[in-house]
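Asker: This is the structure I want to talk about, given as structure tokens.
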Amino acid sequence: MSALLEIEGLTKAYPGVVANDDVSFSIQPGEVHALLGENGAGKSTLVKMIYGLVKPDRGSMTLNGAPYAPSEPRAARASGVAMVFQHFSLFEALSVAENIALGMEHPPKPRDLATRIRDVSETYGLPLDPDRLVGDLSAGERQRVEIIRCLLQDPKLLIMDEPTSVLTPQEVEILFHTLRTLSTQGTAILYISHKLEEIRTLCDAATILRLGKKVGECTPREVTAAHMAELMVGKSLSVPARAESPPGEVLLQVSGLSLAPASPFGTTLRDVSLEVRAGEVLGIGGVAGNGQDELLAALSGETTVAADAISLKGAPVGGLGPNARRVLGLLCAPEERLGHAAAPDMSLTENAVLTARLRQGLDQRGFVNWGAARGFAQRVIAEFDVRTPGPDVAARALSGGNLQKYVIGREILQDPVVLVVNQPTWGVDASAAAAIRQALLDLANGGAAVVVISQDLDELLEISDRFCALNEGRLSPSRPARGLTMEEIGLMLGGAHGMHDIHAEAAT
Amino acid sequence: MIRLEKRPTPSRGWVLGGPILAVVLTMIAGGIMFALLGKDPFEAIRIIFWDPLFDERFGAYSRPQLLVKAGPLILIAIGLSLGFRAGIWNIGAEGQYIIGAICGAAFGLAFYPSENVLIFPGMVIAGAFGGWAWAMIPAILKARFRTNEILVSLLLVYVAEAILASAATNWLRNPDGQGFPGSRNLARHPGTDNPELIANSGMHWGVVAAFIAVIAAYVIMNRHILGYQIKLAGQAPRAARFGGVDPNRLIILCLGVSGALAGMAGLFEVSGPSGLISIDFNVGYGFTAIIVAFLGRLNPIGILLAGLLMALTFIGGELAQLIMGIPAPAIQAFQGMLLFFLLALDVLANFRLKWRREAVA
């Protein structure tokens, strides 16, 4: 059998970094091929070259035996290569059909298009109503819009970039069904991920990248996840460890918190209640857009609420602003690193002042002590292994993982009573993520209460004592994290959000 | 094809060298324009940049004019720059300047003909209050009702001009002025005058206030938490809220300070160089100060230099019209060139040029 796509020695260098160095592999028709690697390993650059977004410096590609060098995505699509991006490019105020028509070269008449969308969605088990507004869809449903947009072009190769990061476990199951159907019909899939278990269940072959180089190939079903992780990271990872200790007094209590969103497409928080004790990690799982940002804003004080809705060590703090809560020991690290947790164009020293001014005494009567601020920034850099030339570097010059270590470290070193973090390891490479999780556990061991809001369920099961799910602005009652199965968690997360698996039904 | 690529951090060389190169490029381009008009380009450039300060015949008159013109520009621009850094756009400094002058003058004239030494300080406070109060209108509307401060502050300039006309022709008119519009001359009355402090220097209290404002703004922006919060709110509003900055407080503060400084500038002008409230009292300092603020890159030291440079081209331009008969539009084009080159080279401080040949498909 001849390969569908053959990649020979692809090399792409950017100023200061070689993104891809002599990468070669091939994809067979109908194969589900995983592209595995940490952030910054060069996965994105590689698929951008295949999709015609980036031109390789060297190397060649062959598609169906013919030379293939797409100059732009349109050429790639014409050759039968389609891609579903990690971040969707959809207009919330337009309907599904309108969004799909916008991405087509020659859109058919609206009625024909709606029929074709229904046909494709039934064939592949992706139920989707063409007339609904995208703004009303869940993340999983939005992803379907992107997938159907690709499938309408009848691709021979479908590239999927981290498709499961926004899905509940049940939604992942449905997606995998669809991908397997596609694969049996002869469509090859290039599947980018760093979730090893997923790759083991889904993929036929895997190519592993590290620092731009191909470091290995394997058949995922035949090797262990740990083996793949070692290939990907280049060293073995330690699983976060913590000492068992009985939980102490209640430090943070939220009772009956309801909050209307600030923006039209935001999520309303409905009657959220939780409590966290000293020495405890509470994990809040949920798919993005179910109220995580709103909950963090209410806890940080960016949105003030009724005074007694939130209490810290029994004292009401709901009416206080962010700085007053910091003084009392309630610290937060938001999800968005650039622009929310840190000002992009400011140096790390200036960003230290952003949240550490009051607790670290970085100012005297309003005058900033830049020497002390610099010292604190240096301490964060040293203790959290932030890779940067120094504290005078602008925040935006740091990689995502390094900036995340800085932002989390900045809060942890302030010795919080309660720390709330939102997506602490999103887009962070595996070794940095392990370091951040360990630091959170150490903080809890030291007697602080930690709340971790995350989409990464494996992460939550690994570090939290209790788990609860945030779904459409409602928080489920918490359950001990130990012994929870993915199935149970999936149901807590609202199952498949009203979507159902046609194949599974057909099988019964 | 030329492409701009953002630098990770602004280039220090371009930040400092850019303005110098811009002046040189303006001299070259302007020189070509003057030559095409049939004027000696070297003489024209010399008259604009050199003679106002060092010429034996005109220097004595034009040298003091430098500080007289630069003073209000700098004082207003410093106030505006605080708001501009925070993303709060006070475009109506001209109106605050007028109201400040009227309030200050009214305070002084209320005690006429007393010559008490406390009157002038009282006028300064009244002027600052007038400008502050006028700026509070867009500030409170923005903080309470999210109105656009650009529109409100700008439109209030025309309201201020109407109040100025009514003051000059009616309720502040000089009772001994035989019915001519215009108030009593404050500059010629001891107690209400803002005198030249050093003979033939142009230095009056307004210039002193401008220098103090430069130093205070420098300290606030670089050392004080307030300057930090202003910068933070301008660069990353979401991070500012996370950092505990109250956006409404910043709106009131920034508009208030810029209004008070503009009002003070108006008072110093009406009690000194201008002398009296007249219908055409305002000559556009409030608008030109916006240019000065940006020319100085919203940096206090930069604003000081930009204000002086702007004043120099005004005086030099007038001189060139007078001596060489260069038409006024050509002088304005020349000033435009200076702005163009300064801003164009400013781009290079934050971006680098990349030359890229279009790849052959």
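Residue numbering restarts at 1 for every chain of the structure tokens, chains are lettered A, B, ... in their displayed order, and ligands are numbered from 1 as they appear.
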Any idea what's packed within 6 Å of region 183-196 of chain B, counting only C-alpha atoms, ignoring anything in its chain fewer than 4 positions away? Could you give it as number ranges by chain?

Answerer: B: 108, 115-117, 120, 168, 172-174, 203-204, 271-272, 275-277

Asker: Please run DSSP on the backbone and report, as a ChimeraX atom specification, all residues within region 153-328 of chain A that come out as strand (DSSP E or B).

Answerer: /A:157-161,188-193,205-210,213-218,250-259,269-277,281-285,310-312,315-316

Asker: Return the single residue from B:Ile291, B:Met33, B:Leu322, B:Ala236 that is closest to Leu309 (chain B), with distances computed using only C-alpha atoms.

Answerer: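 For Leu309 (chain B), the nearest of the candidates is B:Ile291.
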
Asker: Counting only C-alpha atoms, give me one row per residue of chain A with an atom at most 8 Å from an atom of chain B, showing the shortest contact pair and its distance in Å to one decimal, sorted by chain then residue number, as a tab-separated table.

Answerer:
residue	atom	partner	partner_atom	distance
A:Ser71	CA	B:Ala361	CA	7.2
A:Ser300	CA	B:Phe242	CA	7.5
A:Gly301	CA	B:Phe242	CA	7.9
A:Glu302	CA	B:Phe242	CA	5.9
A:Gly321	CA	B:Gly244	CA	6.5
A:Pro322	CA	B:Gly244	CA	5.0
A:Asn323	CA	B:Gly244	CA	5.3
A:Gly339	CA	B:Ala236	CA	5.3
A:His340	CA	B:Ala239	CA	4.0
A:Ala341	CA	B:Ala239	CA	5.9
A:Ala342	CA	B:Ala239	CA	6.1
A:Ala343	CA	B:Ala236	CA	5.6
A:Pro344	CA	B:Ala236	CA	7.5
A:Asp345	CA	B:Gln235	CA	7.3
A:Leu354	CA	B:Gly243	CA	5.2
A:Thr355	CA	B:Gly243	CA	5.7
A:Asp363	CA	B:Ile225	CA	7.6
A:Gly366	CA	B:Ile225	CA	5.4
A:Phe367	CA	B:His224	CA	4.3
A:Val368	CA	B:Arg223	CA	5.5
A:Asn369	CA	B:Arg223	CA	7.7
A:Trp370	CA	B:Arg223	CA	7.9
A:Ala394	CA	B:Thr9	CA	7.1
A:Arg396	CA	B:Pro8	CA	7.9
A:Ala397	CA	B:Pro8	CA	6.3

Asker: Give me the residues near Ala60 (chain B) as a compact mmCIF listing (two decimals) with C-alpha atoms, in the first residue's frame, where near means some atom within 12 Å (using only C-alpha atoms) and where sequence neighbours in that chain fewer than 6 positions away do not count.

Answerer:
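After the write, result-v2.txt holds the following:
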# COMPACT_ATOMS: atom_id res chain seq x y z
CA ASP B 51 17.69 83.02 14.71
CA PRO B 52 14.83 83.01 17.23
CA LEU B 53 17.37 82.30 19.94
CA PHE B 54 20.63 83.74 18.76
CA LEU B 66 10.05 80.58 23.60
CA ALA B 199 13.78 90.34 32.82
CA ASN B 200 13.76 89.35 29.13
CA SER B 201 13.57 85.63 29.86
CA GLY B 202 9.88 85.08 29.32

Asker: Enter the distance from CA of Arg12 (chain B) to CA of Ala210 (chain B), in Å, rounded to one decimal.

Answerer: 26.9 Å

Asker: Need to verify the contact set: region 21-28 of chain A, 7 Å, only C-alpha atoms, exclusion of same-chain residues closer than 6 positions in sequence. Can you return it as a VMD selection string?

Answerer: chain A and resid 3 to 12 188 212 to 214

Asker: For region 284-286 of chain B, please output as a list in words all residues within 7 Å (counting only C-alpha atoms; exclusion window: fewer than 6 positions along the same chain).

Answerer: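 Residues meeting the cut-off are Pro72, Leu73, Ile76, Ala93, Glu94 and Tyr97 of chain B.
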
Asker: For Ile125 (chain B), which residue among B:Gly87, B:Pro113, B:Gly104, B:Gly206 is the nearest when counting only C-alpha atoms?

Answerer: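 Using only C-alpha atoms, the shortest distance to Ile125 (chain B) belongs to B:Gly104.
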
Asker: Find the spatial neighbours of region 297-304 of chain B, counting only C-alpha atoms, within a cut-off of 8 Å - ignore same-chain residues fewer than 3 positions away - and output them as JSON, numbers by chain.

Answerer: {"B": [74, 77, 78, 81, 82, 84, 85, 214, 215, 217, 218, 292, 293, 294, 307, 308]}

Asker: Would you output that residue set with C-alpha atoms, as an mmCIF file, in the first residue's frame?

Answerer:
data_model
loop_
_atom_site.group_PDB
_atom_site.id
_atom_site.type_symbol
_atom_site.label_atom_id
_atom_site.label_comp_id
_atom_site.auth_asym_id
_atom_site.auth_seq_id
_atom_site.Cartn_x
_atom_site.Cartn_y
_atom_site.Cartn_z
ATOM 1 C CA ILE B 74 3.967 71.842 28.553
ATOM 2 C CA ALA B 77 0.396 68.371 27.893
ATOM 3 C CA ILE B 78 1.712 66.978 31.180
ATOM 4 C CA SER B 81 -0.330 62.631 29.232
ATOM 5 C CA LEU B 82 -1.434 61.056 32.522
ATOM 6 C CA PHE B 84 -3.576 59.293 27.714
ATOM 7 C CA ARG B 85 -1.325 56.733 29.423
ATOM 8 C CA VAL B 214 7.255 67.994 34.665
ATOM 9 C CA ILE B 215 9.183 66.954 37.774
ATOM 10 C CA ALA B 217 4.795 63.851 36.702
ATOM 11 C CA TYR B 218 8.189 62.212 36.342
ATOM 12 C CA VAL B 292 2.979 67.995 22.233
ATOM 13 C CA ALA B 293 1.959 65.156 24.545
ATOM 14 C CA PHE B 294 2.254 62.559 21.806
ATOM 15 C CA GLY B 307 6.947 71.741 24.029
ATOM 16 C CA LEU B 308 10.132 73.748 23.532
#

Asker: Between A:Arg180, A:Arg77, A:Arg387, A:Arg466, single out the one closest to Val32 (chain A), counting only C-alpha atoms.

Answerer: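 For Val32 (chain A), the nearest of the candidates is A:Arg180.
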
Asker: Name the closest residue to Ser258 (chain A) among the candidates A:Leu209, A:Ser95, A:Leu475, A:Arg325; distances are taken between atoms, counting only C-alpha atoms.

Answerer: A:Leu475

Asker: When you look at region 39-55 of chain A with a cut-off of 6 Å (counting only C-alpha atoms), what residues show up, excluding the ones that are within fewer than 6 positions of it in the same chain? I need them as a PyMOL selection string.

Answerer: chain A and resi 19-20+70-73+76+209-212+429

Asker: How many Å separate CA of Gly30 (chain B) from CA of Phe42 (chain B)?

Answerer: 10.1 Å

Asker: CA of Leu413 (chain A) and CA of Leu470 (chain A) are how many Å apart?

Answerer: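 Separation between CA of Leu413 (chain A) and CA of Leu470 (chain A): 28.3 Å.
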
Asker: Of the residues B:Ile2, B:Ala135, B:Val24, B:Ile119, which is the one nearest to Gly259 (chain B), using only C-alpha atoms?

Answerer: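 With only C-alpha atoms as the atom set, the closest residue is B:Ala135.
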
Asker: If you run DSSP on the backbone here, which positions in region 151-240 of chain B get helix (DSSP H, G or I)? Please write them as JSON, numbers by chain.

Answerer: {"B": [151, 152, 153, 154, 155, 156, 157, 158, 159, 160, 161, 162, 163, 164, 165, 166, 167, 168, 169, 170, 171, 205, 206, 207, 208, 209, 210, 211, 212, 213, 214, 215, 216, 217, 218, 219, 220, 221, 222, 223, 225, 226, 227, 228, 229, 230, 231, 232, 233, 234, 235, 237, 238, 239, 240]}
